[in-house]
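Pasting upload28.txt here (compact mmCIF, C-alpha atoms):
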```
# COMPACT_ATOMS: atom_id res chain seq x y z
CA MET A 11 0.63 24.99 -19.07
CA ASN A 12 -2.31 25.40 -16.73
CA ILE A 13 -2.37 21.64 -16.05
CA LEU A 14 1.38 21.57 -15.38
CA LYS A 15 1.01 24.52 -13.01
CA ASP A 16 -1.82 22.74 -11.18
CA VAL A 17 0.21 19.51 -10.92
CA LEU A 18 3.27 21.31 -9.55
CA SER A 19 1.15 23.28 -7.13
CA GLU A 20 -0.56 20.06 -5.95
CA LEU A 21 2.79 18.31 -5.51
CA PHE A 22 4.09 21.27 -3.49
CA SER A 23 0.99 21.34 -1.28
CA MET A 24 1.33 17.60 -0.63
CA PHE A 25 4.43 18.28 1.43
CA VAL A 26 4.02 21.91 2.44
CA ALA A 27 0.36 22.16 3.42
CA ASP A 28 1.26 24.34 6.40
CA ALA A 29 4.56 26.26 6.44
CA GLN A 30 4.95 26.20 10.24
CA LEU A 31 4.27 22.45 10.41
CA THR A 32 6.81 21.80 7.64
CA THR A 33 9.44 23.97 9.31
CA ALA A 34 8.89 22.30 12.69
CA ILE A 35 9.19 18.78 11.20
CA LEU A 36 12.38 19.68 9.31
CA ALA A 37 13.83 21.24 12.50
CA THR A 38 13.01 18.03 14.42
CA VAL A 39 14.79 15.93 11.76
CA ALA A 40 17.79 18.28 11.92
CA VAL A 41 17.98 17.96 15.73
CA ALA A 42 17.75 14.15 15.47
CA ALA A 43 20.46 14.12 12.79
CA LEU A 44 22.71 16.27 15.01
CA LEU A 45 22.17 13.99 18.02
CA ILE A 46 23.00 10.91 15.93
CA ASN A 47 25.93 12.24 13.91
CA ALA A 48 27.50 15.00 16.01
CA THR A 49 27.37 13.59 19.54
CA HIS A 50 28.64 10.45 21.27
CA LEU A 51 25.14 9.52 22.40
CA SER A 52 23.59 6.27 21.22
CA ALA A 53 21.82 6.60 17.87
CA LEU A 54 18.66 5.45 19.63
CA VAL A 55 18.59 8.73 21.57
CA GLY A 56 18.38 10.57 18.25
CA GLY A 57 15.71 8.10 17.10
CA ALA A 58 13.66 8.72 20.24
CA ALA A 59 14.07 12.49 19.76
CA LEU A 60 12.79 12.09 16.20
CA LEU A 61 9.71 10.07 17.26
CA PHE A 62 8.68 12.18 20.24
CA GLY A 63 9.66 15.41 18.50
CA CYS A 64 7.32 14.60 15.61
CA VAL A 65 4.51 13.64 18.00
CA THR A 66 4.97 16.92 19.89
CA VAL A 67 4.97 18.89 16.61
CA LEU A 68 1.70 17.19 15.61
CA VAL A 69 -0.06 17.93 18.90
CA LEU A 70 1.14 21.55 19.05
CA SER A 71 0.19 22.14 15.42
CA VAL A 72 -3.34 20.78 15.99
CA ARG A 73 -3.71 22.94 19.08
CA ARG A 74 -2.46 26.05 17.29
CA GLU A 75 -4.82 25.54 14.36
CA ALA A 76 -7.78 24.88 16.67
CA THR A 77 -7.05 28.05 18.65
CA ARG A 78 -6.63 30.06 15.45
CA ARG A 79 -9.93 28.85 14.00
CA ARG A 80 -11.83 29.42 17.24
CA ALA A 81 -10.49 32.95 17.72
CA PRO A 82 -12.91 35.71 16.64
CA ARG A 83 -11.98 37.09 13.24
CA LYS A 84 -10.35 40.50 13.22
CA ASP A 85 -12.74 41.79 10.57
CA SER A 86 -15.91 40.69 12.41
CA ILE A 87 -15.72 42.69 15.63
CA GLY A 88 -13.29 45.56 16.05
CA GLY A 89 -9.84 45.02 14.55
CA ASP A 90 -8.83 46.56 11.26
CA PHE A 91 -11.17 48.81 9.35
CA ASN A 92 -11.26 48.14 5.63
CA PHE A 93 -13.23 50.65 3.61
CA MET B 11 10.92 -14.62 -0.33
CA LEU B 12 8.17 -12.26 0.77
CA VAL B 13 7.75 -12.08 4.56
CA TRP B 14 4.18 -11.00 5.28
CA SER B 15 5.00 -9.50 8.69
CA THR B 16 7.29 -7.09 6.78
CA ALA B 17 5.08 -6.61 3.74
CA SER B 18 1.67 -6.27 5.37
CA PRO B 19 2.18 -2.74 6.81
CA ALA B 20 3.33 -1.52 3.38
CA VAL B 21 0.51 -3.29 1.53
CA GLY B 22 -2.07 -2.12 4.09
CA ALA B 23 -0.89 1.50 3.99
CA ALA B 24 -0.84 1.54 0.17
CA PHE B 25 -4.30 -0.08 0.00
CA LEU B 26 -6.00 2.26 2.49
CA ALA B 27 -4.32 5.43 1.20
CA SER B 28 -5.22 4.49 -2.37
CA ILE B 29 -8.87 4.00 -1.41
CA VAL B 30 -8.98 7.62 -0.18
CA GLU B 31 -7.34 8.95 -3.35
CA VAL B 32 -9.28 6.80 -5.82
CA VAL B 33 -12.63 7.72 -4.20
CA GLU B 34 -11.76 11.41 -4.69
CA ALA B 35 -10.76 10.88 -8.33
CA PHE B 36 -13.83 8.71 -8.96
CA THR B 37 -16.15 11.53 -7.81
CA ILE B 38 -14.73 13.91 -10.45
CA VAL B 39 -14.79 11.26 -13.20
CA LEU B 40 -18.42 10.58 -12.32
CA VAL B 41 -19.19 14.32 -12.55
CA VAL B 42 -17.71 14.34 -16.07
CA ALA B 43 -19.59 11.18 -17.08
CA ASN B 44 -22.92 12.52 -15.80
CA LEU B 45 -22.44 15.85 -17.51
CA ARG B 46 -20.92 14.91 -20.89
CA GLY B 47 -21.17 11.10 -21.06
CA TRP B 48 -18.62 8.34 -20.53
CA LYS B 49 -16.54 9.11 -23.65
CA PRO B 50 -14.72 12.22 -22.30
CA ALA B 51 -14.57 10.64 -18.82
CA VAL B 52 -12.83 7.53 -20.18
CA MET B 53 -10.61 9.61 -22.53
CA GLY B 54 -9.40 11.84 -19.68
CA THR B 55 -8.92 8.93 -17.29
CA GLY B 56 -7.06 6.86 -19.90
CA ALA B 57 -4.73 9.71 -20.81
CA ALA B 58 -3.94 10.33 -17.14
CA LEU B 59 -3.24 6.62 -16.56
CA LEU B 60 -0.81 6.69 -19.52
CA VAL B 61 1.04 9.67 -18.02
CA LEU B 62 1.12 7.94 -14.61
CA ALA B 63 2.47 4.75 -16.23
CA ALA B 64 5.20 6.83 -17.92
CA VAL B 65 6.10 8.38 -14.55
CA VAL B 66 6.41 4.89 -13.02
CA VAL B 67 8.48 3.57 -15.94
CA ILE B 68 10.87 6.55 -15.70
CA LEU B 69 11.06 6.71 -11.89
CA GLY B 70 11.35 2.95 -11.24
CA PRO B 71 14.87 2.39 -12.66
CA LEU B 72 16.08 5.74 -11.22
CA LEU B 73 15.24 4.58 -7.70
CA ASP B 74 17.62 1.62 -8.07
CA GLN B 75 20.49 4.06 -8.68
CA VAL B 76 20.04 5.91 -5.37
CA PRO B 77 22.04 4.58 -2.37
CA LEU B 78 19.69 2.84 0.08
CA HIS B 79 20.38 5.03 3.14
CA LEU B 80 19.92 8.23 1.11
CA LEU B 81 16.69 6.84 -0.39
CA GLN B 82 15.39 5.89 3.06
CA PHE B 83 16.25 9.32 4.47
CA VAL B 84 14.69 11.34 1.62
CA ILE B 85 11.55 9.19 1.49
CA GLY B 86 11.35 9.19 5.29
CA VAL B 87 11.41 12.99 5.50
CA LEU B 88 8.85 13.33 2.67
CA LEU B 89 6.66 10.77 4.44
CA LEU B 90 6.88 12.73 7.69
CA LEU B 91 5.79 15.91 5.89
CA PHE B 92 2.99 14.14 4.01
CA GLY B 93 1.86 11.75 6.78
CA ILE B 94 1.81 14.24 9.66
CA GLY B 95 0.01 16.71 7.36
CA TRP B 96 -2.71 14.09 6.69
CA LEU B 97 -2.90 13.12 10.36
CA ARG B 98 -3.17 16.76 11.44
CA LYS B 99 -6.07 17.35 9.05
CA ALA B 100 -7.80 14.12 10.16
CA VAL B 101 -7.39 15.07 13.84
CA LEU B 102 -8.82 18.55 13.18
CA ARG B 103 -11.80 16.95 11.43
CA ALA B 104 -12.27 14.37 14.19
CA GLY B 105 -12.14 17.21 16.74
CA GLY B 106 -14.83 19.17 14.89
CA ILE B 107 -12.49 22.01 13.94
CA LEU B 108 -12.64 21.30 10.19
CA PRO B 109 -15.78 20.04 8.43
CA LEU B 110 -15.79 16.38 7.41
CA HIS B 111 -15.03 15.51 3.78
CA ASN B 112 -18.37 15.05 1.98
CA GLU B 113 -18.27 13.34 -1.44
CA ASP B 114 -21.92 14.28 -2.16
CA ALA B 115 -21.19 17.97 -1.54
CA ILE B 116 -18.00 17.78 -3.62
CA PHE B 117 -19.96 16.08 -6.42
CA ALA B 118 -22.55 18.89 -6.41
CA LYS B 119 -19.88 21.63 -6.30
CA GLN B 120 -17.79 20.08 -9.08
CA THR B 121 -20.90 19.56 -11.22
CA ALA B 122 -21.81 23.24 -10.86
CA GLU B 123 -18.25 24.39 -11.62
CA LEU B 124 -17.85 22.13 -14.65
CA THR B 125 -21.28 23.09 -16.00
CA THR B 126 -20.28 26.76 -15.90
CA GLU B 127 -16.92 25.99 -17.50
CA VAL B 128 -18.46 23.87 -20.26
CA GLN B 129 -21.12 26.49 -21.05
CA ARG B 130 -18.40 29.08 -21.58
CA HIS B 131 -16.76 26.98 -24.31
CA GLU B 132 -19.40 26.08 -26.88
CA THR B 133 -17.14 24.28 -29.35
CA ALA B 134 -14.90 22.15 -27.12
CA GLN B 135 -17.22 20.98 -24.37
CA ASP B 136 -16.05 17.34 -24.43
CA TRP B 137 -12.42 18.45 -24.26
CA ILE B 138 -13.08 20.61 -21.20
CA ALA B 139 -14.80 17.66 -19.50
CA ALA B 140 -12.03 15.23 -20.50
CA ILE B 141 -9.37 17.60 -19.15
CA ALA B 142 -11.22 17.78 -15.81
CA ALA B 143 -11.16 13.96 -15.57
CA PHE B 144 -7.51 13.92 -16.70
CA LYS B 145 -6.43 16.40 -14.03
CA ALA B 146 -8.32 14.64 -11.23
CA VAL B 147 -6.94 11.19 -12.06
CA LEU B 148 -3.42 12.54 -12.63
CA LEU B 149 -3.28 14.51 -9.37
CA GLU B 150 -4.73 11.75 -7.18
CA GLY B 151 -2.68 9.15 -9.08
CA LEU B 152 0.57 11.01 -8.38
CA GLU B 153 -0.26 10.84 -4.67
CA VAL B 154 -0.86 7.09 -4.98
CA ILE B 155 2.49 6.65 -6.76
CA PHE B 156 4.28 8.63 -4.06
CA ILE B 157 2.67 6.55 -1.30
CA VAL B 158 3.49 3.26 -3.05
CA ILE B 159 7.13 4.33 -3.54
CA ALA B 160 7.34 5.72 -0.02
CA VAL B 161 6.10 2.63 1.79
CA GLY B 162 7.65 0.11 -0.60
CA ALA B 163 10.99 1.35 -1.92
CA GLY B 164 12.98 1.26 1.33
CA ARG B 165 12.58 -2.51 1.73
CA GLY B 166 12.20 -3.68 -1.87
CA LEU B 167 8.43 -3.95 -1.44
CA LEU B 168 7.40 -1.91 -4.46
CA TRP B 169 5.47 -4.78 -6.06
CA PRO B 170 3.44 -5.79 -2.96
CA ALA B 171 2.68 -2.10 -2.28
CA SER B 172 1.64 -1.62 -5.95
CA LEU B 173 -0.66 -4.62 -5.65
CA GLY B 174 -2.22 -3.05 -2.54
CA ALA B 175 -2.87 0.15 -4.51
CA LEU B 176 -4.20 -1.79 -7.50
CA ALA B 177 -6.57 -3.76 -5.25
CA ALA B 178 -7.91 -0.44 -3.91
CA CYS B 179 -8.50 0.86 -7.47
CA VAL B 180 -10.34 -2.33 -8.48
CA LEU B 181 -12.46 -2.29 -5.31
CA VAL B 182 -13.46 1.39 -5.65
CA LEU B 183 -14.19 1.06 -9.38
CA ALA B 184 -16.25 -2.10 -8.84
CA ILE B 185 -18.33 -0.52 -6.06
CA GLY B 186 -18.57 2.73 -8.05
CA ALA B 187 -19.76 0.90 -11.17
CA ILE B 188 -22.51 -0.81 -9.16
CA ALA B 189 -23.53 2.24 -7.12
CA HIS B 190 -23.06 4.75 -9.98
CA ARG B 191 -22.98 7.63 -7.51
CA PRO B 192 -20.32 9.31 -5.32
CA LEU B 193 -19.04 6.93 -2.65
CA ALA B 194 -20.12 9.15 0.22
CA ARG B 195 -20.41 6.28 2.70
CA VAL B 196 -16.70 5.55 2.67
CA PRO B 197 -15.49 6.59 6.15
CA GLU B 198 -13.01 8.99 4.58
CA ASN B 199 -11.79 10.63 7.77
CA THR B 200 -11.33 7.35 9.65
CA LEU B 201 -9.31 6.04 6.70
CA LYS B 202 -7.32 9.27 6.53
CA PHE B 203 -6.67 9.10 10.29
CA GLY B 204 -5.43 5.50 9.99
CA VAL B 205 -3.33 6.20 6.92
CA GLY B 206 -1.87 9.36 8.49
CA VAL B 207 -0.84 7.26 11.51
CA MET B 208 0.78 4.60 9.30
CA LEU B 209 2.57 7.07 7.01
CA SER B 210 3.90 9.04 10.00
CA ALA B 211 5.15 5.78 11.55
CA PHE B 212 6.84 4.82 8.27
CA GLY B 213 8.31 8.35 8.10
CA VAL B 214 9.98 8.06 11.52
CA PHE B 215 11.15 4.53 10.71
CA TRP B 216 12.77 5.36 7.33
CA THR B 217 14.21 8.71 8.47
CA GLY B 218 15.77 6.98 11.48
CA GLU B 219 17.17 4.14 9.35
CA GLY B 220 18.50 6.66 6.84
CA LEU B 221 20.31 8.46 9.67
CA GLY B 222 21.80 5.17 10.92
CA VAL B 223 19.41 4.21 13.73
CA ASP B 224 19.12 0.45 14.23
CA TRP B 225 15.60 0.25 15.63
CA PRO B 226 15.09 -2.38 18.33
CA GLY B 227 12.78 -5.12 17.06
CA HIS B 228 13.41 -3.93 13.47
CA ASP B 229 10.09 -3.94 11.55
CA LEU B 230 8.13 -4.49 14.76
CA ALA B 231 9.15 -0.96 15.78
CA LEU B 232 6.72 0.27 13.09
CA GLY B 233 3.82 -1.05 15.19
CA VAL B 234 5.09 0.81 18.26
CA PHE B 235 5.48 4.05 16.30
CA ALA B 236 1.98 3.65 14.86
CA ALA B 237 0.58 3.11 18.38
CA VAL B 238 2.32 6.27 19.62
CA PHE B 239 0.99 8.38 16.72
CA LEU B 240 -2.50 6.88 17.11
CA ALA B 241 -2.55 7.69 20.83
CA ALA B 242 -1.24 11.22 20.18
CA GLY B 243 -3.79 11.79 17.41
CA LEU B 244 -6.73 10.59 19.52
CA MET B 245 -5.52 12.66 22.46
CA ALA B 246 -5.15 15.77 20.28
CA ALA B 247 -8.64 15.27 18.80
CA HIS B 248 -10.08 14.94 22.32
CA MET B 249 -8.14 18.00 23.47
CA VAL B 250 -9.47 20.29 20.73
CA ARG B 251 -13.00 18.85 21.02
CA SER B 252 -13.25 19.89 24.68
CA PRO B 253 -13.49 23.66 24.92
CA ILE B 254 -10.46 25.31 26.48
CA LYS B 255 -11.42 26.44 30.00
CA GLU B 256 -10.80 30.08 30.84
CA VAL B 257 -8.95 30.81 34.05
CA LYS B 258 -10.82 33.41 36.12
CA PRO B 259 -8.65 36.04 37.80
```

Could you quickly redo this structure as C-alpha cells?
Amino acid sequence: MNILKDVLSELFSMFVADAQLTTAILATVAVAALLINATHLSALVGGAALLFGCVTVLVLSVRREATRRRAPRKDSIGGDFNF
Amino acid sequence: MLVWSTASPAVGAAFLASIVEVVEAFTIVLVVANLRGWKPAVMGTGAALLVLAAVVVILGPLLDQVPLHLLQFVIGVLLLLFGIGWLRKAVLRAGGILPLHNEDAIFAKQTAELTTEVQRHETAQDWIAAIAAFKAVLLEGLEVIFIVIAVGAGRGLLWPASLGALAACVLVLAIGAIAHRPLARVPENTLKFGVGVMLSAFGVFWTGEGLGVDWPGHDLALGVFAAVFLAAGLMAAHMVRSPIKEVKP
C-alpha cells in the first residue's frame, strides 16, 4: 500500500508540482480554447495566445519563486512568534 | 515510411529525458547494490521492469481507441504541465535560486537512509533493499513511459520514441557498469533545461492541434516553439541571476 501511495503521489507531483503554475497553465489553455472555439477569430490567434501565454506563465512563475526564496523568512527576523 | 524530420524531435526528446530519469534510478540501484549486493538490486529492478512492461502492454492498445484530436489535446495539456514544470525548475537552478542536482550527494543521502532502514529490520534486509530499487525504477520508469507516449503517440511515433528511450537506458547502464559509481558528471540541469524546452514546445503543438489549430509549417513549428521557450528560459534565468535593483525614494 505504501508503494502504491508513493507511486500515486509521484504521478500527481509530475503534473502538479506547483499549484499556482498548474492553475495558470490550465487558465491559459482555457483562454486559447475559448478564442479558437467561441470567437470568429482565426484559430492561429488562439494558438499564438497559447504559446505566448505559456511563455509568460513560465517567466512570471520563475520570478515569483525567485522573489519568494530571496525574501527573508518570517520566522528568522520579526514576524510570527512561535513558542 | 518514417520521416526523420518528423521523428527526430520525438526521438531526441525521449532519449534526453530518459537519460535524466535513468541516471536518477541508476543512483538508487547502485546504493542498493553497494549496501546489500547485486541480488536485491537486480530483483527490485527486474520486478519494476515487469510492472512497467505490463503498464505498456495495457496502455498501448487503449491509446488506439482514443480519438486523435482528444488524445493530442489531453497529452498536450499534460505535456505543458510536465514540461513547463521541468523548465521552471531548470531555470531556477540555472539562475542559482535552487541548488544544482548532485548525484554524489543523493548517493550519500540515500545510502544513509537505506542503511538506517535496513538496520531497523533485521530479518528482511534484502527485501527492504530490493523494494528501494523497485520503487526507484518504477517511479522513474513511469516518467519515461509518459514522455515516450507524450512525444510519440500524437503522430504514430511510439516505436521511434521507445527506441530513443531504450538507447538512453543502454547508454546509461553501459557507462554505469564501467564507472560503477553515481554518474555525477552528467550535465543534469543542462539536459533538464533542454528537455523542458522540447516538452513545452511539444505541449503547445499538441494542445493547439487538439483544439483545431493548423500550425503554419506543420512540424517545423515545433522548432520555432522550442526557440521561443529556450529564449524565454535563458532570459528568465538571467533575470533572476541579476539581483533586483531597489528603487530609492

Residues near stretch 202-207 of chain B, anyone? I mean within 6 Å using all atoms listed in the file, not counting same-chain ones fewer than 4 positions away, as a PyMOL selection string. chain B and resi 27+93+96-97+100+236+239-240

Using only C-alpha atoms, please write the residues we just selected to a file, as a PDB file, in the frame of the given file.
```pdb
ATOM      1  CA  ALA B  27      -4.320   5.430   1.200  1.00  0.00           C
ATOM      2  CA  GLY B  93       1.860  11.750   6.780  1.00  0.00           C
ATOM      3  CA  TRP B  96      -2.710  14.090   6.690  1.00  0.00           C
ATOM      4  CA  LEU B  97      -2.900  13.120  10.360  1.00  0.00           C
ATOM      5  CA  ALA B 100      -7.800  14.120  10.160  1.00  0.00           C
ATOM      6  CA  ALA B 236       1.980   3.650  14.860  1.00  0.00           C
ATOM      7  CA  PHE B 239       0.990   8.380  16.720  1.00  0.00           C
ATOM      8  CA  LEU B 240      -2.500   6.880  17.110  1.00  0.00           C
TER       9      LEU B 240
END
```

Could you list the residues in chain B lying within 8 Å of chain A, using only C-alpha atoms, and format the result as number ranges by chain? B: 87-88, 90-92, 94-95, 98, 101-102, 107, 145, 149, 214, 217-218, 221-225, 235, 238-239, 242-243, 246, 249-250

For B:Ile29, list every protein, DNA or RNA residue within 9 Å, evaluated using all atoms listed in the file, and leave out those in the same chain fewer than 5 positions away; present the list as a PyMOL selection string. chain B and resi 24+34+175+177-179+181-182+196+198+201

Between B:Phe36, B:Phe117, B:Phe144, B:Phe83, smallest distance to B:Pro50 by only C-alpha atoms belongs to B:Phe144

Got a sec: who's within 12 Å of B:Asp114, counting all atoms listed in the file, leaving out chain neighbours fewer than 4 positions off, as a ChimeraX atom specification? /B:33-34,36-38,40-41,110,118-121,191-196

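Atom CA of B:Ala23 is positioned 23.9 Å from atom CA of B:Thr55.
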
Minimum-distance residue to B:Leu72, chosen among B:Ile159, B:Ala189, B:Ala241, B:Leu183 (using all atoms listed in the file):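 The closest residue to B:Leu72 is B:Ile159.
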
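The space between atom CA of B:Gly213 and atom CA of B:His111 spans 24.8 Å.
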
Please define a box with edges along x, y and z of the file around all atoms of stretch 199-202 of chain B given in the file, extend it by 4 Å on each side, and return its centre and edge lengths in Å to one decimal, as AutoDock Vina command-line options.
```
--center_x -9.6 --center_y 8.3 --center_z 8.1 --size_x 12.5 --size_y 12.6 --size_z 11.1
```

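Between atom CA of B:Glu31 and atom CA of A:Asn12 there is a distance of 21.8 Å.
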
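Among the candidates B:Ala163, B:Val158, B:Ala142, B:Leu69, the residue lying nearest to B:Val84 is B:Ala163 (atoms considered: only C-alpha atoms).
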
Taking (19.2, 3.2, 5.4) in the file's coordinates as the center, which residues reach within 6 Å of it, counting all atoms listed in the file, put as a short mmCIF file (atom, residue, chain, number, x, y, z; two decimals) with C-alpha atoms, in the frame of the given file?
```cif
data_model
loop_
_atom_site.label_atom_id
_atom_site.label_comp_id
_atom_site.auth_asym_id
_atom_site.auth_seq_id
_atom_site.Cartn_x
_atom_site.Cartn_y
_atom_site.Cartn_z
CA LEU B 78 19.69 2.84 0.08
CA HIS B 79 20.38 5.03 3.14
CA GLN B 82 15.39 5.89 3.06
CA GLU B 219 17.17 4.14 9.35
CA GLY B 220 18.50 6.66 6.84
#
```

Find the residue from B:Leu176, B:Leu167, B:Glu153, B:Ser210 that sits nearest to A:Phe22; use only C-alpha atoms when measuring. B:Glu153

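Taking all atoms listed in the file into account, B:Ala104 lies nearest to B:Pro197 out of the set B:Gly22, B:Pro226, B:Pro71, B:Pro197.
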